[in-house]
>>> print(open('input04.pdb').read())   # PDB, C-alpha atoms
ATOM      1  CA  MET A   1       0.163   4.485   7.157  1.00  0.00           C
ATOM      2  CA  ASN A   2       0.154   2.026   4.266  1.00  0.00           C
ATOM      3  CA  PRO A   3      -1.102  -1.508   5.029  1.00  0.00           C
ATOM      4  CA  LEU A   4       1.441  -4.326   4.868  1.00  0.00           C
ATOM      5  CA  PHE A   5       1.439  -8.012   4.125  1.00  0.00           C
ATOM      6  CA  LEU A   6       4.382  -9.599   5.920  1.00  0.00           C
ATOM      7  CA  ALA A   7       5.622 -13.178   5.834  1.00  0.00           C
ATOM      8  CA  HIS A   8       6.120 -14.541   9.327  1.00  0.00           C
ATOM      9  CA  GLY A   9       7.880 -17.735   8.243  1.00  0.00           C
ATOM     10  CA  SER A  10       9.439 -19.956  10.883  1.00  0.00           C
ATOM     11  CA  PRO A  11       9.014 -19.156  14.606  1.00  0.00           C
ATOM     12  CA  MET A  12      12.825 -19.046  14.739  1.00  0.00           C
ATOM     13  CA  LEU A  13      12.528 -15.631  13.125  1.00  0.00           C
ATOM     14  CA  ALA A  14      12.092 -14.231  16.633  1.00  0.00           C
ATOM     15  CA  VAL A  15      15.660 -15.104  17.627  1.00  0.00           C
ATOM     16  CA  GLU A  16      17.427 -15.090  14.260  1.00  0.00           C
ATOM     17  CA  GLN A  17      19.544 -12.249  12.960  1.00  0.00           C
ATOM     18  CA  ASN A  18      19.426 -12.408   9.184  1.00  0.00           C
ATOM     19  CA  GLU A  19      18.485 -10.397   6.124  1.00  0.00           C
ATOM     20  CA  TYR A  20      14.770 -10.680   6.797  1.00  0.00           C
ATOM     21  CA  SER A  21      14.965  -9.759  10.474  1.00  0.00           C
ATOM     22  CA  GLN A  22      17.056  -6.741   9.447  1.00  0.00           C
ATOM     23  CA  PHE A  23      14.383  -5.798   6.907  1.00  0.00           C
ATOM     24  CA  LEU A  24      11.738  -5.949   9.633  1.00  0.00           C
ATOM     25  CA  LYS A  25      13.849  -3.750  11.907  1.00  0.00           C
ATOM     26  CA  GLN A  26      14.359  -1.170   9.178  1.00  0.00           C
ATOM     27  CA  THR A  27      10.679  -1.218   8.243  1.00  0.00           C
ATOM     28  CA  GLY A  28       9.584  -0.718  11.833  1.00  0.00           C
ATOM     29  CA  ALA A  29      12.127   2.047  12.391  1.00  0.00           C
ATOM     30  CA  GLY A  30      10.534   4.023   9.566  1.00  0.00           C
ATOM     31  CA  LEU A  31       7.021   3.803  11.034  1.00  0.00           C
ATOM     32  CA  ALA A  32       5.378   5.495  13.985  1.00  0.00           C
ATOM     33  CA  PRO A  33       1.811   4.142  14.175  1.00  0.00           C
ATOM     34  CA  ASP A  34      -0.529   4.970  17.031  1.00  0.00           C
ATOM     35  CA  ALA A  35      -1.720   1.350  17.006  1.00  0.00           C
ATOM     36  CA  ILE A  36      -1.271  -1.898  15.100  1.00  0.00           C
ATOM     37  CA  VAL A  37      -4.087  -4.119  13.815  1.00  0.00           C
ATOM     38  CA  ILE A  38      -2.715  -7.510  12.798  1.00  0.00           C
ATOM     39  CA  PHE A  39      -4.587 -10.363  11.107  1.00  0.00           C
ATOM     40  CA  THR A  40      -2.736 -13.539  11.985  1.00  0.00           C
ATOM     41  CA  ALA A  41      -2.873 -16.871  10.186  1.00  0.00           C
ATOM     42  CA  HIS A  42      -2.526 -18.659  13.513  1.00  0.00           C
ATOM     43  CA  TRP A  43      -5.896 -17.628  14.905  1.00  0.00           C
ATOM     44  CA  GLU A  44      -8.859 -19.172  13.127  1.00  0.00           C
ATOM     45  CA  THR A  45     -12.496 -18.527  14.058  1.00  0.00           C
ATOM     46  CA  GLU A  46     -15.865 -18.603  12.296  1.00  0.00           C
ATOM     47  CA  ALA A  47     -16.644 -14.905  12.816  1.00  0.00           C
ATOM     48  CA  VAL A  48     -14.008 -12.183  12.618  1.00  0.00           C
ATOM     49  CA  THR A  49     -12.807 -12.092  16.223  1.00  0.00           C
ATOM     50  CA  ILE A  50     -11.012  -9.073  17.645  1.00  0.00           C
ATOM     51  CA  SER A  51      -8.754  -8.996  20.689  1.00  0.00           C
ATOM     52  CA  SER A  52     -10.243  -6.435  23.049  1.00  0.00           C
ATOM     53  CA  LYS A  53      -8.173  -5.651  26.114  1.00  0.00           C
ATOM     54  CA  ASP A  54      -6.078  -2.826  27.497  1.00  0.00           C
ATOM     55  CA  ASP A  55      -3.708  -4.855  29.625  1.00  0.00           C
ATOM     56  CA  GLU A  56      -0.598  -6.783  28.585  1.00  0.00           C
ATOM     57  CA  TYR A  57      -0.845  -9.788  26.304  1.00  0.00           C
ATOM     58  CA  GLU A  58       0.481 -13.197  27.209  1.00  0.00           C
ATOM     59  CA  THR A  59       3.058 -14.463  24.694  1.00  0.00           C
ATOM     60  CA  ILE A  60       1.692 -17.694  23.186  1.00  0.00           C
ATOM     61  CA  TYR A  61       4.157 -20.396  22.103  1.00  0.00           C
ATOM     62  CA  ASP A  62       1.898 -22.128  19.607  1.00  0.00           C
ATOM     63  CA  PHE A  63       4.565 -24.504  18.283  1.00  0.00           C
ATOM     64  CA  TYR A  64       6.735 -27.318  19.599  1.00  0.00           C
ATOM     65  CA  GLY A  65      10.160 -28.865  19.094  1.00  0.00           C
ATOM     66  CA  PHE A  66      12.154 -25.646  18.894  1.00  0.00           C
ATOM     67  CA  PRO A  67      15.223 -24.573  20.944  1.00  0.00           C
ATOM     68  CA  ASP A  68      14.637 -23.478  24.537  1.00  0.00           C
ATOM     69  CA  GLU A  69      15.704 -19.901  23.814  1.00  0.00           C
ATOM     70  CA  LEU A  70      12.625 -19.398  21.668  1.00  0.00           C
ATOM     71  CA  TYR A  71      10.335 -20.201  24.607  1.00  0.00           C
ATOM     72  CA  GLN A  72      12.049 -17.516  26.689  1.00  0.00           C
ATOM     73  CA  VAL A  73      11.114 -14.700  24.301  1.00  0.00           C
ATOM     74  CA  LYS A  74       8.453 -12.305  25.590  1.00  0.00           C
ATOM     75  CA  TYR A  75       6.638  -9.567  23.725  1.00  0.00           C
ATOM     76  CA  PRO A  76       4.755  -7.610  26.402  1.00  0.00           C
ATOM     77  CA  ALA A  77       2.639  -5.387  24.176  1.00  0.00           C
ATOM     78  CA  LYS A  78      -0.658  -4.054  25.454  1.00  0.00           C
ATOM     79  CA  GLY A  79      -3.974  -4.054  23.677  1.00  0.00           C
ATOM     80  CA  SER A  80      -6.480  -1.275  23.043  1.00  0.00           C
ATOM     81  CA  THR A  81     -10.201  -1.648  23.625  1.00  0.00           C
ATOM     82  CA  LYS A  82     -10.683   1.690  21.849  1.00  0.00           C
ATOM     83  CA  VAL A  83      -9.041   0.495  18.636  1.00  0.00           C
ATOM     84  CA  ALA A  84     -10.734  -2.908  18.929  1.00  0.00           C
ATOM     85  CA  ALA A  85     -14.113  -1.143  19.109  1.00  0.00           C
ATOM     86  CA  LEU A  86     -13.229   0.958  16.056  1.00  0.00           C
ATOM     87  CA  VAL A  87     -12.297  -2.149  14.051  1.00  0.00           C
ATOM     88  CA  GLY A  88     -15.515  -3.846  15.135  1.00  0.00           C
ATOM     89  CA  GLN A  89     -17.604  -0.813  14.229  1.00  0.00           C
ATOM     90  CA  LEU A  90     -16.099  -0.513  10.744  1.00  0.00           C
ATOM     91  CA  LEU A  91     -16.648  -4.191  10.027  1.00  0.00           C
ATOM     92  CA  SER A  92     -20.180  -4.228  11.420  1.00  0.00           C
ATOM     93  CA  GLU A  93     -21.145  -1.163   9.395  1.00  0.00           C
ATOM     94  CA  ASN A  94     -20.137  -3.106   6.300  1.00  0.00           C
ATOM     95  CA  GLY A  95     -22.250  -6.134   7.191  1.00  0.00           C
ATOM     96  CA  ILE A  96     -19.415  -8.270   8.539  1.00  0.00           C
ATOM     97  CA  PRO A  97     -20.294  -9.999  11.847  1.00  0.00           C
ATOM     98  CA  VAL A  98     -17.694  -9.684  14.595  1.00  0.00           C
ATOM     99  CA  ALA A  99     -16.915 -11.134  18.005  1.00  0.00           C
ATOM    100  CA  TYR A 100     -14.540  -9.975  20.728  1.00  0.00           C
ATOM    101  CA  ASP A 101     -11.980 -11.872  22.771  1.00  0.00           C
ATOM    102  CA  THR A 102     -10.659 -10.555  26.081  1.00  0.00           C
ATOM    103  CA  GLU A 103      -8.311 -13.403  27.039  1.00  0.00           C
ATOM    104  CA  ARG A 104      -6.197 -14.651  24.145  1.00  0.00           C
ATOM    105  CA  GLY A 105      -2.529 -13.713  23.958  1.00  0.00           C
ATOM    106  CA  LEU A 106      -0.358 -12.898  20.959  1.00  0.00           C
ATOM    107  CA  ASP A 107       0.501 -15.926  18.830  1.00  0.00           C
ATOM    108  CA  HIS A 108       3.713 -16.342  16.874  1.00  0.00           C
ATOM    109  CA  GLY A 109       2.086 -15.018  13.717  1.00  0.00           C
ATOM    110  CA  SER A 110       2.254 -11.658  15.485  1.00  0.00           C
ATOM    111  CA  TRP A 111       5.032 -11.444  18.043  1.00  0.00           C
ATOM    112  CA  THR A 112       7.874 -13.016  16.062  1.00  0.00           C
ATOM    113  CA  MET A 113       7.706 -10.086  13.604  1.00  0.00           C
ATOM    114  CA  LEU A 114       6.642  -7.319  15.967  1.00  0.00           C
ATOM    115  CA  LYS A 115       9.602  -8.106  18.213  1.00  0.00           C
ATOM    116  CA  HIS A 116      11.922  -6.947  15.414  1.00  0.00           C
ATOM    117  CA  MET A 117       9.771  -4.115  14.093  1.00  0.00           C
ATOM    118  CA  PHE A 118       8.833  -2.482  17.391  1.00  0.00           C
ATOM    119  CA  PRO A 119      11.189  -3.984  20.001  1.00  0.00           C
ATOM    120  CA  LYS A 120      10.031  -1.706  22.822  1.00  0.00           C
ATOM    121  CA  ALA A 121       6.528  -3.246  22.617  1.00  0.00           C
ATOM    122  CA  ASP A 122       5.170   0.218  23.352  1.00  0.00           C
ATOM    123  CA  ILE A 123       2.557   0.407  20.568  1.00  0.00           C
ATOM    124  CA  PRO A 124      -0.928  -0.981  21.277  1.00  0.00           C
ATOM    125  CA  VAL A 125      -1.698  -4.132  19.309  1.00  0.00           C
ATOM    126  CA  VAL A 126      -5.119  -5.434  18.277  1.00  0.00           C
ATOM    127  CA  GLN A 127      -4.926  -9.001  16.986  1.00  0.00           C
ATOM    128  CA  VAL A 128      -7.660 -10.252  14.639  1.00  0.00           C
ATOM    129  CA  SER A 129      -8.552 -13.789  13.549  1.00  0.00           C
ATOM    130  CA  VAL A 130      -9.003 -15.218  10.060  1.00  0.00           C
ATOM    131  CA  ASN A 131     -11.463 -17.685   8.580  1.00  0.00           C
ATOM    132  CA  PRO A 132      -9.765 -19.612   5.735  1.00  0.00           C
ATOM    133  CA  TYR A 133     -13.118 -20.952   4.515  1.00  0.00           C
ATOM    134  CA  ARG A 134     -14.401 -17.552   3.415  1.00  0.00           C
ATOM    135  CA  SER A 135     -14.054 -16.735  -0.274  1.00  0.00           C
ATOM    136  CA  MET A 136     -11.277 -14.432  -1.416  1.00  0.00           C
ATOM    137  CA  GLN A 137     -13.915 -11.822  -2.251  1.00  0.00           C
ATOM    138  CA  GLU A 138     -15.023 -11.892   1.388  1.00  0.00           C
ATOM    139  CA  GLN A 139     -11.435 -11.613   2.623  1.00  0.00           C
ATOM    140  CA  TYR A 140     -10.911  -8.598   0.379  1.00  0.00           C
ATOM    141  CA  LYS A 141     -14.122  -6.985   1.682  1.00  0.00           C
ATOM    142  CA  ILE A 142     -12.891  -7.365   5.262  1.00  0.00           C
ATOM    143  CA  GLY A 143      -9.855  -5.342   4.286  1.00  0.00           C
ATOM    144  CA  GLU A 144     -11.944  -2.851   2.313  1.00  0.00           C
ATOM    145  CA  ALA A 145     -14.055  -2.142   5.398  1.00  0.00           C
ATOM    146  CA  LEU A 146     -10.888  -1.120   7.255  1.00  0.00           C
ATOM    147  CA  ARG A 147      -9.384   1.246   4.677  1.00  0.00           C
ATOM    148  CA  SER A 148      -9.957   4.282   6.864  1.00  0.00           C
ATOM    149  CA  LEU A 149      -7.549   2.945   9.504  1.00  0.00           C
ATOM    150  CA  SER A 150      -4.583   4.152   7.482  1.00  0.00           C
ATOM    151  CA  SER A 151      -5.798   7.751   7.638  1.00  0.00           C
ATOM    152  CA  GLN A 152      -6.022   7.424  11.431  1.00  0.00           C
ATOM    153  CA  ASN A 153      -2.349   6.423  11.708  1.00  0.00           C
ATOM    154  CA  ILE A 154      -3.192   2.803  12.463  1.00  0.00           C
ATOM    155  CA  LEU A 155      -0.984   0.204  10.809  1.00  0.00           C
ATOM    156  CA  LEU A 156      -2.818  -2.814   9.397  1.00  0.00           C
ATOM    157  CA  ILE A 157      -0.688  -5.921   8.901  1.00  0.00           C
ATOM    158  CA  GLY A 158      -1.688  -9.169   7.252  1.00  0.00           C
ATOM    159  CA  SER A 159       0.599 -11.826   8.716  1.00  0.00           C
ATOM    160  CA  GLY A 160       0.872 -14.981   6.636  1.00  0.00           C
ATOM    161  CA  VAL A 161       2.817 -16.609   3.796  1.00  0.00           C
ATOM    162  CA  THR A 162       2.013 -16.764   0.082  1.00  0.00           C
ATOM    163  CA  VAL A 163       3.687 -20.124  -0.606  1.00  0.00           C
ATOM    164  CA  HIS A 164       3.187 -22.274   2.487  1.00  0.00           C
ATOM    165  CA  ASN A 165       3.357 -26.015   1.935  1.00  0.00           C
ATOM    166  CA  LEU A 166       5.295 -27.631   4.769  1.00  0.00           C
ATOM    167  CA  ARG A 167       5.271 -30.972   2.987  1.00  0.00           C
ATOM    168  CA  ALA A 168       7.201 -29.414   0.116  1.00  0.00           C
ATOM    169  CA  VAL A 169       9.986 -27.726   2.098  1.00  0.00           C
ATOM    170  CA  ASN A 170      13.516 -28.965   1.519  1.00  0.00           C
ATOM    171  CA  TRP A 171      15.584 -28.345   4.635  1.00  0.00           C
ATOM    172  CA  GLY A 172      18.879 -26.673   3.833  1.00  0.00           C
ATOM    173  CA  GLN A 173      17.989 -25.877   0.203  1.00  0.00           C
ATOM    174  CA  LYS A 174      19.000 -22.322  -0.678  1.00  0.00           C
ATOM    175  CA  GLU A 175      17.748 -21.996  -4.252  1.00  0.00           C
ATOM    176  CA  PRO A 176      13.969 -21.605  -4.626  1.00  0.00           C
ATOM    177  CA  GLU A 177      11.892 -24.110  -6.541  1.00  0.00           C
ATOM    178  CA  SER A 178      10.669 -22.711  -9.858  1.00  0.00           C
ATOM    179  CA  TRP A 179       7.013 -23.474  -9.131  1.00  0.00           C
ATOM    180  CA  ALA A 180       7.069 -21.389  -5.928  1.00  0.00           C
ATOM    181  CA  VAL A 181       8.644 -18.466  -7.773  1.00  0.00           C
ATOM    182  CA  GLU A 182       6.112 -18.743 -10.612  1.00  0.00           C
ATOM    183  CA  PHE A 183       3.180 -18.642  -8.211  1.00  0.00           C
ATOM    184  CA  ASP A 184       4.470 -15.476  -6.541  1.00  0.00           C
ATOM    185  CA  GLU A 185       5.223 -13.912  -9.926  1.00  0.00           C
ATOM    186  CA  TRP A 186       1.613 -14.485 -10.949  1.00  0.00           C
ATOM    187  CA  LEU A 187       0.354 -12.835  -7.760  1.00  0.00           C
ATOM    188  CA  ILE A 188       2.611  -9.819  -8.194  1.00  0.00           C
ATOM    189  CA  GLU A 189       1.590  -9.392 -11.835  1.00  0.00           C
ATOM    190  CA  LYS A 190      -2.129  -9.497 -11.039  1.00  0.00           C
ATOM    191  CA  MET A 191      -1.744  -7.116  -8.097  1.00  0.00           C
ATOM    192  CA  ASN A 192       0.235  -4.668 -10.232  1.00  0.00           C
ATOM    193  CA  LYS A 193      -2.488  -4.763 -12.881  1.00  0.00           C
ATOM    194  CA  HIS A 194      -5.224  -4.413 -10.250  1.00  0.00           C
ATOM    195  CA  ASP A 195      -6.715  -7.568 -11.733  1.00  0.00           C
ATOM    196  CA  ILE A 196      -8.792  -8.318  -8.652  1.00  0.00           C
ATOM    197  CA  ASN A 197     -11.121 -10.733 -10.422  1.00  0.00           C
ATOM    198  CA  SER A 198      -8.236 -12.998 -11.421  1.00  0.00           C
ATOM    199  CA  LEU A 199      -6.881 -12.854  -7.877  1.00  0.00           C
ATOM    200  CA  PHE A 200     -10.273 -13.951  -6.599  1.00  0.00           C
ATOM    201  CA  GLU A 201     -10.048 -16.969  -8.920  1.00  0.00           C
ATOM    202  CA  TYR A 202      -6.428 -17.815  -8.138  1.00  0.00           C
ATOM    203  CA  GLU A 203      -7.234 -21.496  -7.496  1.00  0.00           C
ATOM    204  CA  GLN A 204      -8.261 -21.930 -11.133  1.00  0.00           C
ATOM    205  CA  LEU A 205      -5.904 -19.410 -12.761  1.00  0.00           C
ATOM    206  CA  ALA A 206      -2.619 -19.251 -10.877  1.00  0.00           C
ATOM    207  CA  PRO A 207       0.157 -21.707 -11.750  1.00  0.00           C
ATOM    208  CA  HIS A 208       0.829 -24.345  -9.083  1.00  0.00           C
ATOM    209  CA  ALA A 209      -1.932 -22.942  -6.861  1.00  0.00           C
ATOM    210  CA  LYS A 210      -2.666 -26.224  -5.084  1.00  0.00           C
ATOM    211  CA  MET A 211       1.007 -26.779  -4.314  1.00  0.00           C
ATOM    212  CA  ALA A 212       1.498 -23.225  -3.080  1.00  0.00           C
ATOM    213  CA  VAL A 213      -1.704 -23.020  -1.042  1.00  0.00           C
ATOM    214  CA  PRO A 214      -2.782 -26.481   0.153  1.00  0.00           C
ATOM    215  CA  ARG A 215      -4.784 -24.701   2.868  1.00  0.00           C
ATOM    216  CA  ALA A 216      -5.674 -21.020   2.828  1.00  0.00           C
ATOM    217  CA  GLU A 217      -5.117 -19.861   6.425  1.00  0.00           C
ATOM    218  CA  HIS A 218      -1.687 -18.361   5.626  1.00  0.00           C
ATOM    219  CA  PHE A 219      -2.855 -16.954   2.296  1.00  0.00           C
ATOM    220  CA  VAL A 220      -5.960 -14.972   3.225  1.00  0.00           C
ATOM    221  CA  PRO A 221      -4.101 -12.238   5.197  1.00  0.00           C
ATOM    222  CA  LEU A 222      -2.695 -11.134   1.830  1.00  0.00           C
ATOM    223  CA  TYR A 223      -6.198 -10.416   0.511  1.00  0.00           C
ATOM    224  CA  ILE A 224      -7.220  -8.620   3.695  1.00  0.00           C
ATOM    225  CA  ALA A 225      -4.161  -6.360   3.487  1.00  0.00           C
ATOM    226  CA  LEU A 226      -4.718  -5.850  -0.250  1.00  0.00           C
ATOM    227  CA  GLY A 227      -8.339  -4.864   0.321  1.00  0.00           C
ATOM    228  CA  SER A 228      -7.382  -2.375   3.008  1.00  0.00           C
ATOM    229  CA  GLY A 229      -4.968  -0.517   0.735  1.00  0.00           C
ATOM    230  CA  ASN A 230      -5.531   2.334  -1.690  1.00  0.00           C
ATOM    231  CA  ALA A 231      -7.197   0.744  -4.718  1.00  0.00           C
ATOM    232  CA  GLU A 232      -5.676   3.371  -7.017  1.00  0.00           C
ATOM    233  CA  ALA A 233      -2.092   3.039  -5.806  1.00  0.00           C
ATOM    234  CA  ALA A 234       0.397   0.529  -7.144  1.00  0.00           C
ATOM    235  CA  PRO A 235       1.315  -2.207  -4.667  1.00  0.00           C
ATOM    236  CA  LYS A 236       4.974  -2.478  -3.825  1.00  0.00           C
ATOM    237  CA  VAL A 237       7.131  -5.541  -3.241  1.00  0.00           C
ATOM    238  CA  ILE A 238       9.152  -4.587  -0.182  1.00  0.00           C
ATOM    239  CA  TYR A 239      10.916  -7.905   0.404  1.00  0.00           C
ATOM    240  CA  ARG A 240      11.251 -11.214  -1.364  1.00  0.00           C
ATOM    241  CA  SER A 241      13.247 -14.354  -0.678  1.00  0.00           C
ATOM    242  CA  TYR A 242      12.705 -18.092  -0.197  1.00  0.00           C
ATOM    243  CA  GLN A 243      13.737 -20.474   2.564  1.00  0.00           C
ATOM    244  CA  PHE A 244      14.024 -24.259   2.298  1.00  0.00           C
ATOM    245  CA  GLY A 245      13.321 -24.080  -1.425  1.00  0.00           C
ATOM    246  CA  THR A 246       9.637 -23.251  -1.204  1.00  0.00           C
ATOM    247  CA  LEU A 247       8.775 -21.142   1.843  1.00  0.00           C
ATOM    248  CA  SER A 248       8.109 -17.651   0.504  1.00  0.00           C
ATOM    249  CA  TYR A 249       9.018 -14.459   2.333  1.00  0.00           C
ATOM    250  CA  LEU A 250       7.276 -12.234  -0.196  1.00  0.00           C
ATOM    251  CA  SER A 251       6.141  -9.082   1.617  1.00  0.00           C
ATOM    252  CA  MET A 252       4.023  -6.282   0.170  1.00  0.00           C
ATOM    253  CA  GLN A 253       3.006  -2.701   0.880  1.00  0.00           C
ATOM    254  CA  PHE A 254      -0.397  -1.512  -0.343  1.00  0.00           C
TER     255      PHE A 254
END
>>> encode(input="input04.pdb", output="structure tokens")
Amino acid sequence: MNPLFLAHGSPMLAVEQNEYSQFLKQTGAGLAPDAIVIFTAHWETEAVTISSKDDEYETIYDFYGFPDELYQVKYPAKGSTKVAALVGQLLSENGIPVAYDTERGLDHGSWTMLKHMFPKADIPVVQVSVNPYRSMQEQYKIGEALRSLSSQNILLIGSGVTVHNLRAVNWGQKEPESWAVEFDEWLIEKMNKHDINSLFEYEQLAPHAKMAVPRAEHFVPLYIALGSGNAEAAPKVIYRSYQFGTLSYLSMQF
């Protein structure tokens, strides 16, 4: 059960039928995990915080100004205290402090994609927070601590975006900006070469890093997913496109 990094893009993804939503459907149809552990860019906490509940999640609409139909979407997945405890144990054993949350629902970093991938909402979901102020080495170590999940048929997903600068989006633009493409190309090259040290120093080494990642909350799920993958295997680009000129939908399998 290879870990994934998936771009969640605009909340409208939940109700759109396009090439990317079709990709998500096809990807989900080819997977049969016993549980899903998803690190979402839209839940930030100091310590790694793990949703721990067995009952149904509330669907959180953590956005505003969108069409009414989007606020009618529900994703009634249930949680798993058993899987939450396993995630917490693996992290704690590797010196990573954790906390648990029994109330929070699924935010749009999770349900907009899961709705397409697993539309029956019949697979337990454990949502996990991110801390964008941790170093990239620390993000990678969080993923590393969870490598054994894949051998237990648990799907780990990092939900974020590689190029995420809302001030730089150009509504209606179909062709991607060269700087956004160059940043992703650099990431792909370093991941293919297993050049982890350069990836850790992306702010200094990657072209257009400050434009692509003005704030790291959407970027760190990539490093968590990367760390959780097989270090010897080649990463795989499973989808790539751009919306509004700069918003990247680069998605990876590790």
>>> resolve_selection(input="input04.pdb", expression="the PyMOL selection byres ((chain A and resi 15) around 10)", output="list of chain:residue names")
A:Pro11, A:Met12, A:Leu13, A:Ala14, A:Glu16, A:Gln17, A:Asn18, A:Ser21, A:Glu69, A:Leu70, A:Val73, A:Thr112, A:Lys115, A:His116
>>> closest_residue(input="input04.pdb", among="A:Val87, A:Ile60, A:Leu187, A:Val128", to="Asp107 (chain A)", atoms="all atoms listed in the file")
A:Ile60
>>> resolve_selection(input="input04.pdb", expression="the PyMOL selection byres ((chain A and resi 167-170) around 7)", output="list of chain:residue names")
A:Asn165, A:Leu166, A:Trp171, A:Gly172, A:Gln173, A:Phe244, A:Gly245, A:Thr246, A:Leu247
>>> atom_distance(input="input04.pdb", atom1="CA of Ala209 (chain A)", atom2="CA of Leu146 (chain A)")
27.5 Å
>>> atom_distance(input="input04.pdb", atom1="CA of Glu58 (chain A)", atom2="CA of Lys78 (chain A)")
9.4 Å
>>> resolve_selection(input="input04.pdb", expression="the PyMOL selection byres ((chain A and resi 55) around 10)", output="list of chain:residue names")
A:Ser52, A:Lys53, A:Asp54, A:Glu56, A:Tyr57, A:Glu58, A:Pro76, A:Ala77, A:Lys78, A:Gly79, A:Ser80, A:Thr81, A:Thr102, A:Pro124
>>> write_last_selection(input="input04.pdb", atoms="C-alpha atoms", output="PDB file, in the frame of the given file")
ATOM      1  CA  SER A  52     -10.243  -6.435  23.049  1.00  0.00           C
ATOM      2  CA  LYS A  53      -8.173  -5.651  26.114  1.00  0.00           C
ATOM      3  CA  ASP A  54      -6.078  -2.826  27.497  1.00  0.00           C
ATOM      4  CA  GLU A  56      -0.598  -6.783  28.585  1.00  0.00           C
ATOM      5  CA  TYR A  57      -0.845  -9.788  26.304  1.00  0.00           C
ATOM      6  CA  GLU A  58       0.481 -13.197  27.209  1.00  0.00           C
ATOM      7  CA  PRO A  76       4.755  -7.610  26.402  1.00  0.00           C
ATOM      8  CA  ALA A  77       2.639  -5.387  24.176  1.00  0.00           C
ATOM      9  CA  LYS A  78      -0.658  -4.054  25.454  1.00  0.00           C
ATOM     10  CA  GLY A  79      -3.974  -4.054  23.677  1.00  0.00           C
ATOM     11  CA  SER A  80      -6.480  -1.275  23.043  1.00  0.00           C
ATOM     12  CA  THR A  81     -10.201  -1.648  23.625  1.00  0.00           C
ATOM     13  CA  THR A 102     -10.659 -10.555  26.081  1.00  0.00           C
ATOM     14  CA  PRO A 124      -0.928  -0.981  21.277  1.00  0.00           C
TER      15      PRO A 124
END
>>> closest_residue(input="input04.pdb", among="A:Phe118, A:Trp43, A:Tyr75, A:Tyr140", to="Asp62 (chain A)", atoms="all atoms listed in the file")
A:Trp43
>>> axis_aligned_box(input="input04.pdb", around="region 143-146 of chain A", padding_each_side="4 Å", output="lines of an AutoDock Vina configuration file")
center_x = -12.0
center_y = -3.2
center_z = 4.8
size_x = 12.2
size_y = 12.2
size_z = 12.9
>>> atom_distance(input="input04.pdb", atom1="CA of Lys141 (chain A)", atom2="CA of Tyr249 (chain A)")
24.3 Å
>>> closest_residue(input="input04.pdb", among="A:Asn230, A:Ser148, A:Asn153, A:Gln137", to="Glu201 (chain A)", atoms="all atoms listed in the file")
A:Gln137
>>> residues_around(input="input04.pdb", residues="Ile38 (chain A)", least_positions_apart="6", cutoff="9 Å", atoms="only C-alpha atoms", output="ChimeraX atom specification")
/A:109-110,125-129,155-159
>>> residues_around(input="input04.pdb", residues="Phe219 (chain A)", least_positions_apart="4", cutoff="9 Å", atoms="all atoms listed in the file", output="ChimeraX atom specification")
/A:41,132,159-164,213,215,223
>>> closest_residue(input="input04.pdb", among="A:Ile123, A:Ala206, A:Val37, A:Ala234", to="Pro221 (chain A)", atoms="all atoms listed in the file")
A:Val37
